[in-house]
Structures are given as C-alpha cells and as structure tokens.
>>> print(open('start.txt').read())   # compact mmCIF, N, CA and C atoms
# COMPACT_ATOMS: atom_id res chain seq x y z
N MET A 29 -9.00 1.96 3.54
CA MET A 29 -7.77 1.58 2.85
C MET A 29 -7.98 0.24 2.15
N LYS A 30 -7.47 0.12 0.96
CA LYS A 30 -7.67 -1.09 0.19
C LYS A 30 -6.66 -2.16 0.59
N GLY A 31 -7.09 -3.41 0.49
CA GLY A 31 -6.17 -4.52 0.72
C GLY A 31 -5.37 -4.79 -0.53
N ASP A 32 -4.36 -5.63 -0.41
CA ASP A 32 -3.47 -5.91 -1.53
C ASP A 32 -4.19 -6.47 -2.75
N ASP A 33 -5.29 -7.20 -2.54
CA ASP A 33 -5.96 -7.82 -3.68
C ASP A 33 -7.03 -6.91 -4.29
N ASP A 34 -7.18 -5.69 -3.76
CA ASP A 34 -8.18 -4.78 -4.29
C ASP A 34 -7.72 -4.06 -5.56
N VAL A 35 -6.42 -3.99 -5.77
CA VAL A 35 -5.90 -3.36 -6.98
C VAL A 35 -4.89 -4.30 -7.62
N LEU A 36 -4.78 -4.19 -8.89
CA LEU A 36 -3.82 -5.01 -9.61
C LEU A 36 -2.44 -4.37 -9.56
N ILE A 37 -2.41 -3.08 -9.83
CA ILE A 37 -1.15 -2.34 -9.79
C ILE A 37 -1.30 -1.23 -8.76
N GLU A 38 -0.40 -1.20 -7.81
CA GLU A 38 -0.37 -0.13 -6.82
C GLU A 38 0.55 0.95 -7.38
N PHE A 39 0.04 2.17 -7.50
CA PHE A 39 0.87 3.25 -8.02
C PHE A 39 1.73 3.78 -6.90
N GLY A 40 3.02 3.44 -6.94
CA GLY A 40 3.94 3.86 -5.90
C GLY A 40 5.15 4.57 -6.48
N ASP A 41 6.14 4.80 -5.64
CA ASP A 41 7.35 5.50 -6.06
C ASP A 41 8.05 4.84 -7.25
N ASP A 42 7.92 3.52 -7.34
CA ASP A 42 8.57 2.80 -8.44
C ASP A 42 8.01 3.19 -9.81
N LEU A 43 6.83 3.83 -9.83
CA LEU A 43 6.22 4.24 -11.09
C LEU A 43 6.29 5.75 -11.32
N LEU A 44 6.85 6.49 -10.39
CA LEU A 44 6.95 7.94 -10.55
C LEU A 44 8.14 8.32 -11.43
N THR A 45 7.86 9.20 -12.39
CA THR A 45 8.95 9.74 -13.23
C THR A 45 9.36 11.12 -12.72
N HIS A 46 8.51 11.72 -11.91
CA HIS A 46 8.67 13.09 -11.39
C HIS A 46 8.52 14.13 -12.49
N ILE A 47 7.82 13.74 -13.55
CA ILE A 47 7.40 14.66 -14.58
C ILE A 47 5.88 14.72 -14.43
N GLU A 48 5.40 15.84 -13.92
CA GLU A 48 4.02 15.93 -13.46
C GLU A 48 2.99 15.41 -14.46
N GLU A 49 3.04 15.89 -15.69
CA GLU A 49 2.03 15.49 -16.67
C GLU A 49 2.11 13.99 -16.98
N MET A 50 3.31 13.45 -17.12
CA MET A 50 3.45 12.02 -17.41
C MET A 50 2.99 11.19 -16.22
N ASP A 51 3.30 11.64 -15.01
CA ASP A 51 2.85 10.91 -13.82
C ASP A 51 1.32 10.90 -13.73
N LYS A 52 0.68 12.03 -14.05
CA LYS A 52 -0.78 12.08 -14.04
C LYS A 52 -1.36 11.09 -15.05
N GLN A 53 -0.77 11.06 -16.23
CA GLN A 53 -1.25 10.13 -17.26
C GLN A 53 -1.01 8.69 -16.86
N HIS A 54 0.15 8.40 -16.27
CA HIS A 54 0.43 7.04 -15.81
C HIS A 54 -0.55 6.63 -14.72
N MET A 55 -0.85 7.56 -13.82
CA MET A 55 -1.83 7.26 -12.76
C MET A 55 -3.19 6.94 -13.37
N ARG A 56 -3.57 7.67 -14.39
CA ARG A 56 -4.86 7.43 -15.05
C ARG A 56 -4.87 6.05 -15.70
N LEU A 57 -3.78 5.68 -16.37
CA LEU A 57 -3.69 4.36 -17.00
C LEU A 57 -3.81 3.25 -15.96
N VAL A 58 -3.09 3.40 -14.88
CA VAL A 58 -3.13 2.40 -13.81
C VAL A 58 -4.53 2.33 -13.22
N ALA A 59 -5.17 3.48 -13.02
CA ALA A 59 -6.54 3.50 -12.47
C ALA A 59 -7.50 2.78 -13.42
N LEU A 60 -7.37 3.02 -14.72
CA LEU A 60 -8.25 2.35 -15.69
C LEU A 60 -8.05 0.83 -15.65
N LEU A 61 -6.80 0.40 -15.61
CA LEU A 61 -6.54 -1.05 -15.53
C LEU A 61 -7.11 -1.64 -14.25
N ASN A 62 -6.92 -0.91 -13.15
CA ASN A 62 -7.46 -1.39 -11.88
C ASN A 62 -8.99 -1.43 -11.91
N ASN A 63 -9.61 -0.47 -12.60
CA ASN A 63 -11.07 -0.47 -12.72
C ASN A 63 -11.55 -1.69 -13.52
N VAL A 64 -10.84 -2.01 -14.60
CA VAL A 64 -11.20 -3.19 -15.39
C VAL A 64 -11.07 -4.43 -14.51
N TYR A 65 -9.99 -4.52 -13.76
CA TYR A 65 -9.74 -5.64 -12.86
C TYR A 65 -10.87 -5.76 -11.83
N GLU A 66 -11.25 -4.64 -11.25
CA GLU A 66 -12.30 -4.63 -10.24
C GLU A 66 -13.63 -5.11 -10.82
N LEU A 67 -13.96 -4.64 -12.02
CA LEU A 67 -15.20 -5.07 -12.67
C LEU A 67 -15.19 -6.58 -12.92
N LEU A 68 -14.04 -7.10 -13.33
CA LEU A 68 -13.93 -8.55 -13.55
C LEU A 68 -14.13 -9.31 -12.25
N LYS A 69 -13.52 -8.80 -11.17
CA LYS A 69 -13.66 -9.46 -9.87
C LYS A 69 -15.12 -9.48 -9.42
N GLU A 70 -15.87 -8.46 -9.79
CA GLU A 70 -17.28 -8.36 -9.41
C GLU A 70 -18.18 -9.16 -10.36
N GLY A 71 -17.56 -9.81 -11.34
CA GLY A 71 -18.33 -10.60 -12.29
C GLY A 71 -18.99 -9.79 -13.38
N LYS A 72 -18.56 -8.57 -13.55
CA LYS A 72 -19.14 -7.66 -14.55
C LYS A 72 -18.28 -7.67 -15.81
N ARG A 73 -18.20 -8.83 -16.46
CA ARG A 73 -17.32 -9.00 -17.61
C ARG A 73 -17.66 -8.07 -18.76
N GLU A 74 -18.94 -7.90 -19.05
CA GLU A 74 -19.35 -7.02 -20.16
C GLU A 74 -18.93 -5.58 -19.90
N GLU A 75 -19.12 -5.11 -18.67
CA GLU A 75 -18.72 -3.75 -18.32
C GLU A 75 -17.20 -3.60 -18.40
N ALA A 76 -16.49 -4.62 -17.94
CA ALA A 76 -15.02 -4.60 -18.00
C ALA A 76 -14.55 -4.54 -19.44
N LEU A 77 -15.17 -5.35 -20.28
CA LEU A 77 -14.83 -5.38 -21.70
C LEU A 77 -15.09 -4.02 -22.35
N GLU A 78 -16.21 -3.44 -22.02
CA GLU A 78 -16.58 -2.12 -22.58
C GLU A 78 -15.57 -1.05 -22.14
N LEU A 79 -15.22 -1.04 -20.86
CA LEU A 79 -14.24 -0.07 -20.35
C LEU A 79 -12.90 -0.26 -21.04
N PHE A 80 -12.49 -1.51 -21.20
CA PHE A 80 -11.21 -1.81 -21.86
C PHE A 80 -11.21 -1.31 -23.30
N LYS A 81 -12.27 -1.65 -24.05
CA LYS A 81 -12.33 -1.30 -25.48
C LYS A 81 -12.49 0.19 -25.71
N LYS A 82 -13.39 0.81 -24.98
CA LYS A 82 -13.76 2.21 -25.27
C LYS A 82 -12.81 3.21 -24.63
N GLU A 83 -12.53 3.01 -23.37
CA GLU A 83 -11.79 4.04 -22.65
C GLU A 83 -10.29 3.74 -22.55
N LEU A 84 -9.95 2.54 -22.13
CA LEU A 84 -8.55 2.22 -21.90
C LEU A 84 -7.74 2.27 -23.19
N LEU A 85 -8.20 1.62 -24.24
CA LEU A 85 -7.43 1.60 -25.48
C LEU A 85 -7.24 3.00 -26.06
N SER A 86 -8.25 3.84 -26.00
CA SER A 86 -8.09 5.20 -26.54
C SER A 86 -7.17 6.03 -25.64
N TYR A 87 -7.24 5.81 -24.32
CA TYR A 87 -6.36 6.57 -23.43
C TYR A 87 -4.91 6.13 -23.60
N VAL A 88 -4.69 4.85 -23.83
CA VAL A 88 -3.33 4.36 -24.09
C VAL A 88 -2.76 5.09 -25.30
N GLU A 89 -3.53 5.18 -26.38
CA GLU A 89 -3.06 5.86 -27.59
C GLU A 89 -2.77 7.33 -27.31
N HIS A 90 -3.66 7.99 -26.59
CA HIS A 90 -3.46 9.39 -26.22
C HIS A 90 -2.16 9.54 -25.43
N HIS A 91 -1.98 8.71 -24.42
CA HIS A 91 -0.79 8.81 -23.58
C HIS A 91 0.49 8.56 -24.37
N LEU A 92 0.52 7.51 -25.17
CA LEU A 92 1.74 7.21 -25.92
C LEU A 92 2.10 8.37 -26.84
N SER A 93 1.12 8.95 -27.46
CA SER A 93 1.33 10.09 -28.34
C SER A 93 1.88 11.29 -27.56
N GLU A 94 1.29 11.58 -26.41
CA GLU A 94 1.75 12.69 -25.57
C GLU A 94 3.18 12.45 -25.07
N GLU A 95 3.46 11.22 -24.71
CA GLU A 95 4.79 10.89 -24.21
C GLU A 95 5.83 11.07 -25.32
N GLU A 96 5.49 10.66 -26.52
CA GLU A 96 6.40 10.82 -27.66
C GLU A 96 6.65 12.30 -27.96
N LYS A 97 5.61 13.12 -27.87
CA LYS A 97 5.77 14.57 -28.07
C LYS A 97 6.69 15.16 -27.01
N PHE A 98 6.52 14.72 -25.77
CA PHE A 98 7.36 15.21 -24.68
C PHE A 98 8.83 14.85 -24.93
N MET A 99 9.07 13.60 -25.32
CA MET A 99 10.46 13.18 -25.57
C MET A 99 11.06 13.95 -26.74
N GLU A 100 10.26 14.23 -27.75
CA GLU A 100 10.72 15.05 -28.88
C GLU A 100 11.10 16.44 -28.40
N LYS A 101 10.24 17.01 -27.57
CA LYS A 101 10.44 18.37 -27.06
C LYS A 101 11.75 18.49 -26.27
N ILE A 102 12.09 17.47 -25.50
CA ILE A 102 13.31 17.54 -24.68
C ILE A 102 14.55 17.03 -25.43
N GLY A 103 14.36 16.58 -26.67
CA GLY A 103 15.50 16.08 -27.45
C GLY A 103 16.05 14.77 -26.93
N TYR A 104 15.16 13.92 -26.45
CA TYR A 104 15.58 12.64 -25.88
C TYR A 104 16.29 11.79 -26.93
N PRO A 105 17.55 11.40 -26.68
CA PRO A 105 18.33 10.70 -27.71
C PRO A 105 17.84 9.29 -28.05
N ASP A 106 17.11 8.64 -27.15
CA ASP A 106 16.60 7.29 -27.41
C ASP A 106 15.14 7.30 -27.85
N LEU A 107 14.69 8.41 -28.40
CA LEU A 107 13.29 8.55 -28.81
C LEU A 107 12.88 7.46 -29.79
N ASP A 108 13.68 7.21 -30.81
CA ASP A 108 13.32 6.20 -31.81
C ASP A 108 13.16 4.82 -31.19
N LYS A 109 14.08 4.46 -30.31
CA LYS A 109 14.00 3.17 -29.63
C LYS A 109 12.74 3.10 -28.75
N HIS A 110 12.46 4.18 -28.06
CA HIS A 110 11.29 4.24 -27.18
C HIS A 110 10.01 4.13 -28.01
N LYS A 111 9.97 4.83 -29.14
CA LYS A 111 8.81 4.77 -30.03
C LYS A 111 8.57 3.34 -30.52
N LYS A 112 9.66 2.61 -30.76
CA LYS A 112 9.52 1.21 -31.22
C LYS A 112 8.86 0.36 -30.15
N THR A 113 9.17 0.61 -28.87
CA THR A 113 8.50 -0.16 -27.82
C THR A 113 7.01 0.19 -27.78
N HIS A 114 6.70 1.47 -28.02
CA HIS A 114 5.29 1.87 -28.08
C HIS A 114 4.60 1.19 -29.27
N ASP A 115 5.28 1.17 -30.41
CA ASP A 115 4.70 0.55 -31.61
C ASP A 115 4.44 -0.94 -31.40
N THR A 116 5.36 -1.61 -30.71
CA THR A 116 5.18 -3.03 -30.41
C THR A 116 3.94 -3.23 -29.54
N PHE A 117 3.78 -2.39 -28.53
CA PHE A 117 2.62 -2.47 -27.66
C PHE A 117 1.33 -2.24 -28.43
N ARG A 118 1.33 -1.20 -29.25
CA ARG A 118 0.14 -0.90 -30.07
C ARG A 118 -0.22 -2.12 -30.94
N ARG A 119 0.77 -2.66 -31.60
CA ARG A 119 0.55 -3.80 -32.50
C ARG A 119 0.00 -5.00 -31.74
N GLU A 120 0.58 -5.31 -30.61
CA GLU A 120 0.14 -6.47 -29.83
C GLU A 120 -1.30 -6.30 -29.33
N ILE A 121 -1.61 -5.13 -28.81
CA ILE A 121 -2.96 -4.88 -28.32
C ILE A 121 -3.97 -4.90 -29.46
N TYR A 122 -3.61 -4.26 -30.58
CA TYR A 122 -4.56 -4.22 -31.69
C TYR A 122 -4.69 -5.57 -32.39
N ASN A 123 -3.68 -6.41 -32.31
CA ASN A 123 -3.81 -7.77 -32.83
C ASN A 123 -4.83 -8.57 -32.04
N LEU A 124 -4.99 -8.22 -30.78
CA LEU A 124 -5.99 -8.90 -29.94
C LEU A 124 -7.38 -8.29 -30.07
N SER A 125 -7.46 -7.09 -30.67
CA SER A 125 -8.73 -6.38 -30.76
C SER A 125 -9.88 -7.18 -31.36
N PRO A 126 -9.67 -7.92 -32.47
CA PRO A 126 -10.81 -8.68 -33.01
C PRO A 126 -11.35 -9.71 -32.01
N TYR A 127 -10.45 -10.30 -31.23
CA TYR A 127 -10.89 -11.28 -30.24
C TYR A 127 -11.61 -10.59 -29.09
N ILE A 128 -11.12 -9.41 -28.71
CA ILE A 128 -11.77 -8.65 -27.65
C ILE A 128 -13.16 -8.23 -28.13
N GLU A 129 -13.23 -7.74 -29.37
CA GLU A 129 -14.51 -7.30 -29.94
C GLU A 129 -15.52 -8.45 -29.97
N SER A 130 -15.04 -9.65 -30.24
CA SER A 130 -15.95 -10.80 -30.32
C SER A 130 -16.40 -11.27 -28.94
N GLY A 131 -15.76 -10.71 -27.90
CA GLY A 131 -16.13 -11.11 -26.55
C GLY A 131 -15.44 -12.39 -26.10
N ASP A 132 -14.43 -12.83 -26.85
CA ASP A 132 -13.69 -14.04 -26.51
C ASP A 132 -13.00 -13.85 -25.15
N PRO A 133 -13.41 -14.58 -24.13
CA PRO A 133 -12.84 -14.39 -22.79
C PRO A 133 -11.34 -14.65 -22.73
N LYS A 134 -10.86 -15.64 -23.47
CA LYS A 134 -9.42 -15.94 -23.46
C LYS A 134 -8.62 -14.77 -24.02
N ALA A 135 -9.07 -14.21 -25.14
CA ALA A 135 -8.38 -13.07 -25.75
C ALA A 135 -8.41 -11.86 -24.81
N PHE A 136 -9.52 -11.67 -24.15
CA PHE A 136 -9.65 -10.56 -23.22
C PHE A 136 -8.65 -10.71 -22.07
N ARG A 137 -8.57 -11.91 -21.52
CA ARG A 137 -7.60 -12.16 -20.44
C ARG A 137 -6.18 -11.93 -20.93
N GLN A 138 -5.88 -12.39 -22.16
CA GLN A 138 -4.54 -12.19 -22.72
C GLN A 138 -4.23 -10.70 -22.87
N ALA A 139 -5.19 -9.96 -23.39
CA ALA A 139 -4.98 -8.52 -23.59
C ALA A 139 -4.77 -7.81 -22.26
N LEU A 140 -5.56 -8.15 -21.26
CA LEU A 140 -5.39 -7.54 -19.94
C LEU A 140 -4.05 -7.89 -19.33
N SER A 141 -3.70 -9.15 -19.39
CA SER A 141 -2.44 -9.61 -18.84
C SER A 141 -1.26 -8.90 -19.52
N TYR A 142 -1.33 -8.82 -20.83
CA TYR A 142 -0.28 -8.15 -21.59
C TYR A 142 -0.22 -6.66 -21.21
N ALA A 143 -1.36 -6.00 -21.17
CA ALA A 143 -1.40 -4.58 -20.84
C ALA A 143 -0.85 -4.31 -19.45
N TRP A 144 -1.26 -5.12 -18.47
CA TRP A 144 -0.77 -4.93 -17.10
C TRP A 144 0.74 -5.10 -17.02
N GLY A 145 1.23 -6.19 -17.58
CA GLY A 145 2.67 -6.46 -17.52
C GLY A 145 3.47 -5.41 -18.26
N TRP A 146 3.02 -5.06 -19.45
CA TRP A 146 3.75 -4.09 -20.26
C TRP A 146 3.76 -2.73 -19.59
N LEU A 147 2.62 -2.28 -19.13
CA LEU A 147 2.51 -0.96 -18.54
C LEU A 147 3.41 -0.82 -17.32
N TYR A 148 3.34 -1.76 -16.43
CA TYR A 148 4.14 -1.68 -15.21
C TYR A 148 5.63 -1.66 -15.54
N THR A 149 6.07 -2.60 -16.35
CA THR A 149 7.49 -2.68 -16.72
C THR A 149 7.93 -1.45 -17.49
N HIS A 150 7.09 -1.00 -18.42
CA HIS A 150 7.45 0.14 -19.26
C HIS A 150 7.62 1.41 -18.43
N ILE A 151 6.70 1.67 -17.53
CA ILE A 151 6.81 2.87 -16.70
C ILE A 151 8.00 2.75 -15.75
N ALA A 152 8.09 1.63 -15.05
CA ALA A 152 9.10 1.45 -14.02
C ALA A 152 10.53 1.43 -14.57
N LYS A 153 10.70 1.00 -15.81
CA LYS A 153 12.06 0.89 -16.35
C LYS A 153 12.29 1.86 -17.52
N THR A 154 11.54 1.71 -18.59
CA THR A 154 11.80 2.46 -19.82
C THR A 154 11.50 3.95 -19.65
N ASP A 155 10.36 4.30 -19.08
CA ASP A 155 10.00 5.71 -18.94
C ASP A 155 10.93 6.43 -17.96
N LYS A 156 11.45 5.72 -17.00
CA LYS A 156 12.36 6.35 -16.04
C LYS A 156 13.60 6.89 -16.75
N LYS A 157 13.96 6.28 -17.86
CA LYS A 157 15.16 6.71 -18.59
C LYS A 157 15.01 8.11 -19.16
N TYR A 158 13.84 8.43 -19.76
CA TYR A 158 13.69 9.78 -20.28
C TYR A 158 13.56 10.79 -19.14
N ALA A 159 13.02 10.34 -18.01
CA ALA A 159 12.91 11.23 -16.85
C ALA A 159 14.29 11.58 -16.31
N ILE A 160 15.16 10.59 -16.24
CA ILE A 160 16.54 10.82 -15.77
C ILE A 160 17.25 11.77 -16.73
N TYR A 161 17.08 11.53 -18.03
CA TYR A 161 17.69 12.40 -19.04
C TYR A 161 17.21 13.84 -18.85
N ALA A 162 15.90 14.04 -18.72
CA ALA A 162 15.35 15.38 -18.57
C ALA A 162 15.88 16.06 -17.31
N LYS A 163 16.00 15.30 -16.24
CA LYS A 163 16.50 15.86 -15.00
C LYS A 163 17.98 16.24 -15.11
N GLU A 164 18.78 15.33 -15.70
CA GLU A 164 20.20 15.60 -15.86
C GLU A 164 20.46 16.82 -16.74
N LYS A 165 19.59 17.06 -17.71
CA LYS A 165 19.73 18.21 -18.61
C LYS A 165 19.09 19.47 -18.04
N GLY A 166 18.51 19.36 -16.84
CA GLY A 166 17.88 20.51 -16.20
C GLY A 166 16.59 20.93 -16.87
N LEU A 167 15.92 19.98 -17.51
CA LEU A 167 14.70 20.30 -18.26
C LEU A 167 13.44 20.15 -17.42
N ILE A 168 13.58 19.55 -16.25
CA ILE A 168 12.43 19.42 -15.34
C ILE A 168 12.85 19.84 -13.94
>>> encode(input="start.txt", output="structure tokens")
Amino acid sequence: MKGDDDVLIEFGDDLLTHIEEMDKQHMRLVALLNNVYELLKEGKREEALELFKKELLSYVEHHLSEEEKFMEKIGYPDLDKHKKTHDTFRREIYNLSPYIESGDPKAFRQALSYAWGWLYTHIAKTDKKYAIYAKEKGLI
C-alpha cells in the first residue's frame, strides 16, 4: 500500500462521476500525473518531461474531446460553458508548451502544478455537474 506522499492525487469517491467511460479516462489522467510526479521524485526529470509532453498532453486532448462528445450526446445544457473551461485549460497548457519543450524547469513545474490543480478541481466539481444531469435524466 502506498503512503500519502507516494501519489499526488489519490483517486477516490470525490473524483467519481459514476459514468464508467469518463471515470476510466479520469483514472488514466490521474495515473499519468502521478507517474510524472513519481519520476520527478526519483530525479528522472527528462523522463518526466517526456511523459508529460508525449503522453499526458495528448491524452488530455483525447479525454476533453471524448467528454465533450458525451455531453453533446446527452444534451447537457451547460455544454458551451463546460467547453470554455476546457478551452481555457488547453490554452494555458499550450502557452507553457514552448517552455516545456525547451526543458525550462520552472515552466515544467508551472505546467504540472496547473495541470494537477485544474484536473482535480475540474473533475471533483465541474464534471460532477454533467454526471448529476445525466443521472437525473435517467441517461446513466
């Protein structure tokens, strides 16, 4: 069993939407962030940077796209507002991309910090809203 400092984000009930596919994707995102964190703790900055750039950023895009399709499918009334939060996240992460690409440690820390904070808050608060809507409408 891992100690509290072994993972950055513990995937618990507070992050469950009870929508199987979205929960699987959220778990994958959290696992990728935790893997980056673990590599950094082990002093493997280059590997952490590579994982962040190659795998995490592309998976974030995949997930956001899938989530938007799901909300469209269920007729979620706050879809436009939710998409704007996704667009803000995309913009912020991609604005840091040149610094991440250059290997700038400060930019990398900023990008990780932003991704961790945004992901946790977004799943725990914003994503729960579409899950509640889907459940109330009998769609899940």
>>> residues_around(input="start.txt", residues="stretch 69-84 of chain A", least_positions_apart="6", cutoff="7 Å", atoms="all atoms listed in the file", output="MDAnalysis selection string")
chainID A and resid 60:61 63
>>> atom_distance(input="start.txt", atom1="atom CA of A:Met50", atom2="atom CA of A:Val64")
21.2 Å
>>> closest_residue(input="start.txt", among="A:Ala139, A:Gly131, A:Phe98, A:Leu85", to="A:Glu49", atoms="only C-alpha atoms")
A:Phe98
>>> atom_distance(input="start.txt", atom1="atom CA of A:Leu57", atom2="atom C of A:Ile168")
22.9 Å
>>> residues_around(input="start.txt", residues="A:Lys163", least_positions_apart="4", cutoff="10 Å", atoms="only C-alpha atoms", output="ChimeraX atom specification")
/A:45-47,157-159,167-168
>>> atom_distance(input="start.txt", atom1="atom N of A:Asp106", atom2="atom N of A:Leu92")
16.7 Å
>>> residues_near_point(input="start.txt", point="(2.2, -0.2, -14.7)", cutoff="8 Å", atoms="only N, CA and C atoms", output="list in words")
Ile37, Glu38, Phe39, Leu43, His54, Leu57, Val58, Ala143, Trp144, Gly145, Trp146, Leu147, Tyr148, Thr149, His150, Ile151 and Ala152 of chain A
